[in-house]
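Written out below as structure tokens is the structure these notes cover.
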Amino acid sequence: MAKESHFTSKKPRVFVRGVEGSYSLKDELARLRSVPRVLKGRELKFRDGPQAFSRHYIEPVDGLGQTLHIHLEEYAPGGRNQKHGHVNEAAFYILDGEGYEIHDGVRYDWKAGDVVVVHNNCVHQHFNASDTKPARALVMKTKPMFLFMNMLFQKQVEPRPTTPAPGTEPFVARDDEQNFNHDDQ
């Protein structure tokens with residue numbers, strides 16, 4: 001009798017590890033009902049820099065939600081972020097400015113009002129195309145779901161710049177703006 005291959009219809013195939021541990025829907029609902037429902041963006045400050053800044057609203061570590069990671073990215077004039085890749089998808093709603101992405105070696109241009117989709121396992125980097133104006137994007141990811149399923153893989157290919165883009169040395173992220181409509185700032 002011939003030896004069967006690793007795949008056989010006689011046994012189930014497993015693609016991810018089982019999710020195990022204690023989980024009480026009643027306890028989780030009580031916990032979720034106890035956390036804030038409204039976050040004051042003005043109370044959160046941008047981090048990182050000097051070319052790409054992040055303001056995190058909902059993160060996997062804060063326990064405010066179970067499925068989303070939402071943050072605001074601000075790119076200084078001529079700025080860029082780190083070149084990286086991750087398993088989870090991400091959607092960037094461009095609030096203001098103009099720029100481009102490099103996804104797996106292919107350039108995609110964007111401007112205010114566009115949505116950029118970063119697919120699973122895509123090595124990518126975000127760039128502000130203007131040398132004089134900043135750009136902003138609201139980023140929404142399903143990262144917590146991937147963490148929950150123990151499927152998170154993230155890799156930095158090129159680090160975030162540690163020096164300002166040439167000619168933009170005095171730039172600081174717009175923490176104290178008054179116009180949250182992001183129209184021609």
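Residue names in the structure tokens use chain letters A, B, ... in the order shown, residue numbers from 1 in each chain, and ligand numbers from 1 in the order shown.
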
Self-check item: Non-local contacts of Met145 (chain A) (8 Å; only C-alpha atoms; under 5 positions in same chain excluded) as a list in words
Solution: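 Listing them by chain and then by number gives Gln66, Thr67 and Leu68 of chain A.
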
Self-check item: Given only C-alpha atoms as the counted atoms, nearest of A:Pro50, A:Gly41, A:Pro36, A:Gly78 to Gly65 (chain A)
Solution: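 Ranking A:Pro50, A:Gly41, A:Pro36, A:Gly78 by distance to Gly65 (chain A), first place goes to A:Pro36.
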
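Using only C-alpha atoms, the smallest distance between any of A:His126, A:Lys133, A:Lys143, A:His86 and Gln156 (chain A) comes from A:His86.
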
Practice problem: Write down as a PyMOL selection string the residues of chain A whose backbone DSSP state falls under strand (DSSP E or B). | Solution: chain A and resi 47-48+52-58+69-75+80+83-86+90-96+98-103+106-111+115-118+122-128+135-141+154-158

Exercise. Would you mind writing down, as a list in words, each residue of region 60-148 of chain A that DSSP on the backbone assigns to alpha helix (DSSP H)?
Key: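 Everything in region 60-148 of chain A that counts as alpha helix (DSSP H) is Lys143, Pro144, Met145, Phe146, Leu147 and Phe148 of chain A.
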
C-alpha atoms of the current selection, written as a tab-separated table (two decimals), in the first residue's frame:
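Generated file (part.tsv):
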chain	number	residue	atom	x	y	z
A	143	LYS	CA	-4.75	44.37	13.52
A	144	PRO	CA	-6.45	43.32	16.80
A	145	MET	CA	-8.21	40.46	15.01
A	146	PHE	CA	-4.90	39.21	13.69
A	147	LEU	CA	-3.40	39.47	17.17
A	148	PHE	CA	-6.34	37.56	18.60

Quiz item: Got a sec: who's within 12 Å of Gln154 (chain A), counting only C-alpha atoms, leaving out chain neighbours fewer than 2 positions off, as a list of chain:residue names?
Solution: A:Lys83, A:His84, A:Gly85, A:His86, A:Val87, A:Asn88, A:Glu89, A:Asn120, A:Asn121, A:Cys122, A:Val123, A:His124, A:Lys143, A:Phe146, A:Leu147, A:Met151, A:Leu152, A:Gln156, A:Val157

Selection above as a file: N, CA and C atoms, as an mmCIF file, in the first residue's frame:
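As written to disk, out-v7.cif reads:
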data_model
loop_
_atom_site.group_PDB
_atom_site.id
_atom_site.type_symbol
_atom_site.label_atom_id
_atom_site.label_comp_id
_atom_site.auth_asym_id
_atom_site.auth_seq_id
_atom_site.Cartn_x
_atom_site.Cartn_y
_atom_site.Cartn_z
ATOM 1 N N LYS A 83 9.647 51.829 5.715
ATOM 2 C CA LYS A 83 9.234 50.810 4.751
ATOM 3 C C LYS A 83 8.999 49.538 5.557
ATOM 4 N N HIS A 84 7.799 48.957 5.427
ATOM 5 C CA HIS A 84 7.440 47.841 6.279
ATOM 6 C C HIS A 84 6.362 46.983 5.628
ATOM 7 N N GLY A 85 6.051 45.889 6.272
ATOM 8 C CA GLY A 85 4.984 45.013 5.818
ATOM 9 C C GLY A 85 4.310 44.379 7.022
ATOM 10 N N HIS A 86 3.055 43.986 6.850
ATOM 11 C CA HIS A 86 2.321 43.305 7.913
ATOM 12 C C HIS A 86 1.231 42.454 7.308
ATOM 13 N N VAL A 87 0.775 41.484 8.093
ATOM 14 C CA VAL A 87 -0.243 40.546 7.621
ATOM 15 C C VAL A 87 -1.593 41.236 7.473
ATOM 16 N N ASN A 88 -1.949 42.102 8.403
ATOM 17 C CA ASN A 88 -3.277 42.710 8.375
ATOM 18 C C ASN A 88 -3.419 43.758 7.276
ATOM 19 N N GLU A 89 -4.651 43.877 6.767
ATOM 20 C CA GLU A 89 -4.956 44.930 5.802
ATOM 21 C C GLU A 89 -5.066 46.273 6.522
ATOM 22 N N ASN A 120 -2.915 42.578 2.530
ATOM 23 C CA ASN A 120 -2.160 41.667 3.398
ATOM 24 C C ASN A 120 -0.794 41.362 2.791
ATOM 25 N N ASN A 121 0.212 41.331 3.639
ATOM 26 C CA ASN A 121 1.573 40.928 3.262
ATOM 27 C C ASN A 121 2.221 41.810 2.208
ATOM 28 N N CYS A 122 1.799 43.046 2.106
ATOM 29 C CA CYS A 122 2.361 43.983 1.132
ATOM 30 C C CYS A 122 3.471 44.786 1.812
ATOM 31 N N VAL A 123 4.658 44.812 1.208
ATOM 32 C CA VAL A 123 5.723 45.683 1.706
ATOM 33 C C VAL A 123 5.449 47.059 1.117
ATOM 34 N N HIS A 124 5.328 48.060 1.987
ATOM 35 C CA HIS A 124 4.889 49.373 1.528
ATOM 36 C C HIS A 124 5.552 50.500 2.316
ATOM 37 N N LYS A 143 -5.877 44.966 12.792
ATOM 38 C CA LYS A 143 -4.754 44.374 13.517
ATOM 39 C C LYS A 143 -5.157 43.596 14.774
ATOM 40 N N PHE A 146 -6.053 40.038 14.018
ATOM 41 C CA PHE A 146 -4.897 39.208 13.688
ATOM 42 C C PHE A 146 -4.111 38.846 14.950
ATOM 43 N N LEU A 147 -4.030 39.777 15.894
ATOM 44 C CA LEU A 147 -3.396 39.466 17.171
ATOM 45 C C LEU A 147 -4.173 38.375 17.900
ATOM 46 N N MET A 151 -1.935 35.571 14.457
ATOM 47 C CA MET A 151 -1.467 35.577 13.076
ATOM 48 C C MET A 151 -0.675 36.837 12.734
ATOM 49 N N LEU A 152 -0.324 37.624 13.731
ATOM 50 C CA LEU A 152 0.333 38.881 13.431
ATOM 51 C C LEU A 152 1.784 38.650 13.057
ATOM 52 N N GLN A 156 9.864 45.407 9.679
ATOM 53 C CA GLN A 156 10.379 46.674 9.201
ATOM 54 C C GLN A 156 11.510 46.378 8.224
ATOM 55 N N VAL A 157 11.402 46.936 7.030
ATOM 56 C CA VAL A 157 12.407 46.726 5.996
ATOM 57 C C VAL A 157 13.426 47.859 6.013
#

Practice problem: Please identify all polymer residues within 12 Å of Thr168 (chain A), counting only C-alpha atoms, omitting same-chain residues fewer than 3 positions from it, and present them as a PyMOL selection string. | Solution: chain A and resi 49-51+75-79+130-134+163-165+171-173

Practice problem: For each of A:Arg55, A:Arg47, A:Arg80, A:Lys26, take the minimum atom-to-atom distance to Pro159 (chain A), counting only C-alpha atoms, then give the residue where this is smallest. | Solution: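 Closest to Pro159 (chain A) of all the choices is A:Arg80.
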
Quiz item: Separation of CA of Ser22 (chain A) and CA of His71 (chain A), in Å?
Solution: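 We find that CA of Ser22 (chain A) and CA of His71 (chain A) lie 29.4 Å from each other.
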
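Rounded to one decimal, CA of Val115 (chain A) and CA of Ala91 (chain A) lie 6.6 Å from each other.
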
Quiz prompt | Which residue of A:Ala137, A:Phe92, A:Glu74, A:His69 approaches Val117 (chain A) most closely, using only C-alpha atoms | solution =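 Among the listed residues, A:Phe92 lies closest to Val117 (chain A).
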
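Counting only C-alpha atoms, Leu95 (chain A) has the following residues at most 8 Å away, ignoring those fewer than 6 positions along the same chain: A:Ala112, A:Gly113, A:Ala135, A:Arg136, A:Ala137, A:Leu138, A:His182.
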
Could you write out that same residue set with N, CA and C atoms as an mmCIF file, in the first residue's frame?
data_model
loop_
_atom_site.group_PDB
_atom_site.id
_atom_site.type_symbol
_atom_site.label_atom_id
_atom_site.label_comp_id
_atom_site.auth_asym_id
_atom_site.auth_seq_id
_atom_site.Cartn_x
_atom_site.Cartn_y
_atom_site.Cartn_z
ATOM 1 N N ALA A 112 -6.089 64.287 -1.187
ATOM 2 C CA ALA A 112 -7.195 64.398 -0.233
ATOM 3 C C ALA A 112 -8.486 63.853 -0.836
ATOM 4 N N GLY A 113 -9.205 63.047 -0.047
ATOM 5 C CA GLY A 113 -10.452 62.441 -0.488
ATOM 6 C C GLY A 113 -10.292 61.022 -1.007
ATOM 7 N N ALA A 135 0.678 66.375 4.951
ATOM 8 C CA ALA A 135 -0.422 65.523 4.493
ATOM 9 C C ALA A 135 -0.891 64.681 5.673
ATOM 10 N N ARG A 136 -2.192 64.345 5.668
ATOM 11 C CA ARG A 136 -2.751 63.543 6.756
ATOM 12 C C ARG A 136 -3.606 62.414 6.224
ATOM 13 N N ALA A 137 -3.575 61.308 6.964
ATOM 14 C CA ALA A 137 -4.413 60.157 6.627
ATOM 15 C C ALA A 137 -4.950 59.531 7.909
ATOM 16 N N LEU A 138 -6.233 59.185 7.894
ATOM 17 C CA LEU A 138 -6.833 58.422 8.972
ATOM 18 C C LEU A 138 -6.689 56.954 8.596
ATOM 19 N N HIS A 182 -10.182 69.715 7.857
ATOM 20 C CA HIS A 182 -9.038 69.392 7.007
ATOM 21 C C HIS A 182 -9.213 69.885 5.582
#

Exercise. Could you jot down the CA of Leu64 (chain A) to CA of Ser34 (chain A) separation for me, Å, one decimal place?
Key: 9.4 Å
